[in-house]
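Here is the structure we will look at.
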Amino acid sequence: MSNDQWAQPTPLRPDGTNLLPFPVNALPPIISDMAQAIATTTSTDVAMAGTSILSAVSYCFSGVYRMSAKRDHTEPLVLDTLTIAEPSFKKSPVMSLIKRPYIQFAHDWNENNKQDIFTSQAERKLLQSKLEALEKKKDVTAEEIAKLQTELSNIPPSNFRRISVDDVTPESLVNLLEENGTLLMISDEAGMLGNFSGRYSNNVPNLDLLLKSWNGETYISDRATRASIVLKKPYMSICLACQPYVFDRMINDSVFRGSGLIARFMYWFPVSNIGSRKYDTQAVPEQVAENYKNLVYKRDRISARNSRCRGGAAVLILMISERVFLQNPSRDFC
């Protein structure tokens, strides 16, 4: 086959008999071990854990790295996934094991940094009080006010860290991304996407931030009731599971389809083990869980430091090697 010709694709059979198994052994060892351990203890298809772990781990790299195959174009390392499965597929236990270290990291980070957080909040509050008092004085000069405002602006707002979000509205998401820079939307239900299709806004969709937080595009929120919020490089990885009827609604939603949101997801339909599952299965080995936790903690520390920079940290570019690119000239790396 020449470079400008494509082979006729093989149709996917409805019964899935010609589908390849999930390539769990192609994953890095720590992720592969954890995916297989979760599949064993929950007696579920390893594809459910493997796909979801990849999506969750992509959070750790968002806002830190981007990939590039040529000088003037980069792509984010954000992976949005949606697992579609009937009830009783054990979506909740699988998701719970995957997101546990992210929840624990946020808790530990806040505990270890709460003194600094409280100090920063107190300093800002004191300066705000001084500024309010100064503005009420009759003999105050513009230079004095500007000096105090500059001093206040040099102390960025400090809040307790959030990593994961679940049932969140578009307005709340703006605030959470302003405070954290990057987020992970992870849940065993995808119903919260209805919040962005107009559930609480008279059926007026608000998908802009969902779309822009995939690529880290600047987002500006202007409201008459509050000051403008500028998100310089918002990133959010989405790792969800849902039942087939929710998926059907998404696919048939003209706004979701027309906006390109549907195309951002990688979908997986896990194989059912119902009828052959066992309860007395091997629990996730402690060392496997510890290795996974350490991987998440190591990457999240970097992500947390970058998020504190409010979009000012330099993003590292991962270049696709020329050898790989030349060997795959027609491959769509993006």
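Residues in the structure tokens are numbered from 1 in each chain, the chains being A, B, ... in the order shown, and ligands are numbered from 1 in the order shown.
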
| query | Do you know which residues are at most 10 Å from stretch 168-171 of chain A counting only C-alpha atoms, after dropping those on the same chain fewer than 4 positions away, and could you put them as a ChimeraX atom specification? | reply | /A:175-176,185,192-201,205-210,221

Dump of all heavy atoms for the selected residues, as a short mmCIF file (atom, residue, chain, number, x, y, z; two decimals), in the first residue's frame:
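Ended up saving to selection-v3.cif:
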```cif
data_model
loop_
_atom_site.label_atom_id
_atom_site.label_comp_id
_atom_site.auth_asym_id
_atom_site.auth_seq_id
_atom_site.Cartn_x
_atom_site.Cartn_y
_atom_site.Cartn_z
N ASN A 175 -15.03 28.75 39.29
CA ASN A 175 -14.37 29.08 40.55
C ASN A 175 -13.34 28.04 40.94
O ASN A 175 -12.24 28.37 41.41
CB ASN A 175 -15.42 29.22 41.66
CG ASN A 175 -16.37 30.39 41.43
OD1 ASN A 175 -15.98 31.41 40.88
ND2 ASN A 175 -17.61 30.23 41.83
N LEU A 176 -13.68 26.76 40.76
CA LEU A 176 -12.76 25.69 41.14
C LEU A 176 -11.50 25.70 40.27
O LEU A 176 -10.39 25.46 40.77
CB LEU A 176 -13.46 24.34 41.06
CG LEU A 176 -14.49 24.06 42.15
CD1 LEU A 176 -15.32 22.82 41.81
CD2 LEU A 176 -13.80 23.88 43.50
N MET A 185 -12.40 15.44 36.69
CA MET A 185 -13.80 15.09 36.85
C MET A 185 -13.90 13.58 36.76
O MET A 185 -13.73 13.00 35.69
CB MET A 185 -14.66 15.74 35.76
CG MET A 185 -16.14 15.40 35.86
SD MET A 185 -17.16 16.12 34.53
CE MET A 185 -17.27 17.82 35.11
N MET A 192 -23.83 14.44 35.56
CA MET A 192 -23.49 15.85 35.77
C MET A 192 -23.26 16.59 34.47
O MET A 192 -23.30 17.82 34.43
CB MET A 192 -22.27 16.00 36.69
CG MET A 192 -20.94 15.88 36.00
SD MET A 192 -20.55 14.19 35.56
CE MET A 192 -20.41 13.48 37.19
N LEU A 193 -23.02 15.86 33.38
CA LEU A 193 -22.86 16.53 32.09
C LEU A 193 -24.15 17.25 31.70
O LEU A 193 -24.12 18.20 30.91
CB LEU A 193 -22.47 15.53 31.00
CG LEU A 193 -21.06 14.93 31.12
CD1 LEU A 193 -20.82 13.92 30.01
CD2 LEU A 193 -20.00 16.01 31.09
N GLY A 194 -25.29 16.80 32.26
CA GLY A 194 -26.54 17.50 32.03
C GLY A 194 -26.54 18.91 32.60
O GLY A 194 -27.28 19.78 32.13
N ASN A 195 -25.68 19.15 33.60
CA ASN A 195 -25.56 20.50 34.15
C ASN A 195 -25.06 21.48 33.11
O ASN A 195 -25.36 22.68 33.16
CB ASN A 195 -24.60 20.51 35.35
CG ASN A 195 -25.07 19.63 36.50
OD1 ASN A 195 -26.23 19.22 36.54
ND2 ASN A 195 -24.17 19.33 37.41
N PHE A 196 -24.28 20.97 32.15
CA PHE A 196 -23.69 21.83 31.13
C PHE A 196 -24.56 21.93 29.88
O PHE A 196 -24.29 22.75 29.01
CB PHE A 196 -22.30 21.32 30.76
CG PHE A 196 -21.32 21.37 31.90
CD1 PHE A 196 -21.27 20.34 32.83
CD2 PHE A 196 -20.48 22.45 32.06
CE1 PHE A 196 -20.39 20.38 33.90
CE2 PHE A 196 -19.59 22.50 33.13
CZ PHE A 196 -19.56 21.47 34.05
N SER A 197 -25.57 21.09 29.82
CA SER A 197 -26.48 21.14 28.66
C SER A 197 -27.73 21.97 28.95
O SER A 197 -28.64 22.02 28.14
CB SER A 197 -26.88 19.73 28.23
OG SER A 197 -27.62 19.09 29.25
N GLY A 198 -27.76 22.62 30.14
CA GLY A 198 -28.85 23.54 30.44
C GLY A 198 -29.81 23.11 31.52
O GLY A 198 -30.90 23.67 31.66
N ARG A 199 -29.43 22.14 32.35
CA ARG A 199 -30.32 21.65 33.39
C ARG A 199 -30.74 22.76 34.34
O ARG A 199 -31.90 22.83 34.76
CB ARG A 199 -29.64 20.52 34.17
CG ARG A 199 -30.46 19.99 35.34
CD ARG A 199 -29.73 18.86 36.03
NE ARG A 199 -29.56 17.71 35.14
CZ ARG A 199 -28.68 16.74 35.37
NH1 ARG A 199 -27.87 16.81 36.40
NH2 ARG A 199 -28.60 15.72 34.53
N TYR A 200 -29.82 23.64 34.71
CA TYR A 200 -30.12 24.71 35.66
C TYR A 200 -30.08 26.10 35.01
O TYR A 200 -29.96 27.12 35.70
CB TYR A 200 -29.12 24.67 36.83
CG TYR A 200 -29.13 23.36 37.58
CD1 TYR A 200 -28.00 22.55 37.61
CD2 TYR A 200 -30.26 22.92 38.24
CE1 TYR A 200 -27.99 21.34 38.28
CE2 TYR A 200 -30.26 21.71 38.92
CZ TYR A 200 -29.14 20.93 38.94
OH TYR A 200 -29.14 19.73 39.61
N SER A 201 -30.17 26.14 33.70
CA SER A 201 -30.10 27.43 33.01
C SER A 201 -31.15 27.54 31.91
O SER A 201 -30.85 28.00 30.81
CB SER A 201 -28.69 27.64 32.43
OG SER A 201 -28.34 26.57 31.57
N PRO A 205 -27.45 25.72 26.88
CA PRO A 205 -26.19 25.00 27.09
C PRO A 205 -25.04 25.93 27.45
O PRO A 205 -25.01 27.09 27.05
CB PRO A 205 -25.94 24.32 25.74
CG PRO A 205 -27.25 24.33 25.03
CD PRO A 205 -27.95 25.57 25.50
N ASN A 206 -24.11 25.40 28.21
CA ASN A 206 -22.90 26.15 28.58
C ASN A 206 -21.73 25.18 28.57
O ASN A 206 -21.29 24.69 29.61
CB ASN A 206 -23.07 26.79 29.96
CG ASN A 206 -21.93 27.74 30.29
OD1 ASN A 206 -20.97 27.84 29.55
ND2 ASN A 206 -22.03 28.41 31.42
N LEU A 207 -21.23 24.88 27.37
CA LEU A 207 -20.18 23.88 27.21
C LEU A 207 -18.79 24.49 27.01
O LEU A 207 -17.81 23.76 26.91
CB LEU A 207 -20.49 22.99 26.00
CG LEU A 207 -21.81 22.22 26.01
CD1 LEU A 207 -21.96 21.44 24.71
CD2 LEU A 207 -21.87 21.27 27.19
N ASP A 208 -18.71 25.81 26.95
CA ASP A 208 -17.46 26.46 26.57
C ASP A 208 -16.29 26.03 27.44
O ASP A 208 -15.20 25.71 26.93
CB ASP A 208 -17.60 27.98 26.62
CG ASP A 208 -18.51 28.50 25.52
OD1 ASP A 208 -19.00 27.67 24.72
OD2 ASP A 208 -18.76 29.72 25.46
N LEU A 209 -16.48 26.03 28.76
CA LEU A 209 -15.37 25.73 29.65
C LEU A 209 -14.98 24.25 29.55
O LEU A 209 -13.80 23.91 29.65
CB LEU A 209 -15.71 26.10 31.09
CG LEU A 209 -14.56 25.99 32.10
CD1 LEU A 209 -13.32 26.71 31.61
CD2 LEU A 209 -14.99 26.52 33.46
N LEU A 210 -15.96 23.37 29.37
CA LEU A 210 -15.64 21.96 29.17
C LEU A 210 -14.74 21.77 27.96
O LEU A 210 -13.78 21.00 27.98
CB LEU A 210 -16.92 21.14 28.98
CG LEU A 210 -17.69 20.69 30.22
CD1 LEU A 210 -18.86 19.82 29.81
CD2 LEU A 210 -16.80 19.96 31.20
N SER A 221 -14.59 34.81 32.16
CA SER A 221 -15.98 34.82 32.62
C SER A 221 -16.32 36.21 33.16
O SER A 221 -15.75 36.64 34.18
CB SER A 221 -16.18 33.75 33.71
OG SER A 221 -17.49 33.81 34.23
#
```

| request: Show which residues sit within 7 Å of stretch 149-165 of chain A, as a ChimeraX atom specification. Count only C-alpha atoms, and ignore same-chain residues fewer than 6 positions away. | output: /A:102,106,110,117,120-121,124,127,179-180,183-186

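Residues in contact range of stretch 69-77 of chain A, defined as at most 7 Å between only C-alpha atoms, with sequence neighbours fewer than 4 positions away removed, read A:Ser58, A:Phe61, A:Ser62, A:Tyr65, A:Asn215, A:Met319, A:Ile320, A:Cys334.
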
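Nearest to A:Ile103 of all the residues A:Asp222, A:Asp248, A:Asp280, A:Asp300 is A:Asp300, counting only C-alpha atoms.
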
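Among the candidates A:Glu132, A:Asp33, A:Glu86, A:Asp80, the residue lying nearest to A:Cys239 is A:Asp80 (atoms considered: only C-alpha atoms).
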
| query | If you run DSSP on the backbone, which residues of stretch 185-258 of chain A are strand (DSSP E), as a PyMOL selection string? | reply | chain A and resi 185-187+219-223+226-231+235-242

| Expressed in Å to a single decimal, how great is the separation between atom CA of A:Pro29 and atom CA of A:Gly216? | 29.0 Å

| task | Rank nothing, just name the residue among A:Ala35, A:Ala190, A:Leu131, A:Met250 nearest to A:Met48, using only C-alpha atoms. | result | A:Ala35

| field | Length of the atom CA of A:Glu290 to atom CA of A:Val64 vector [Å] | value | 23.7 Å
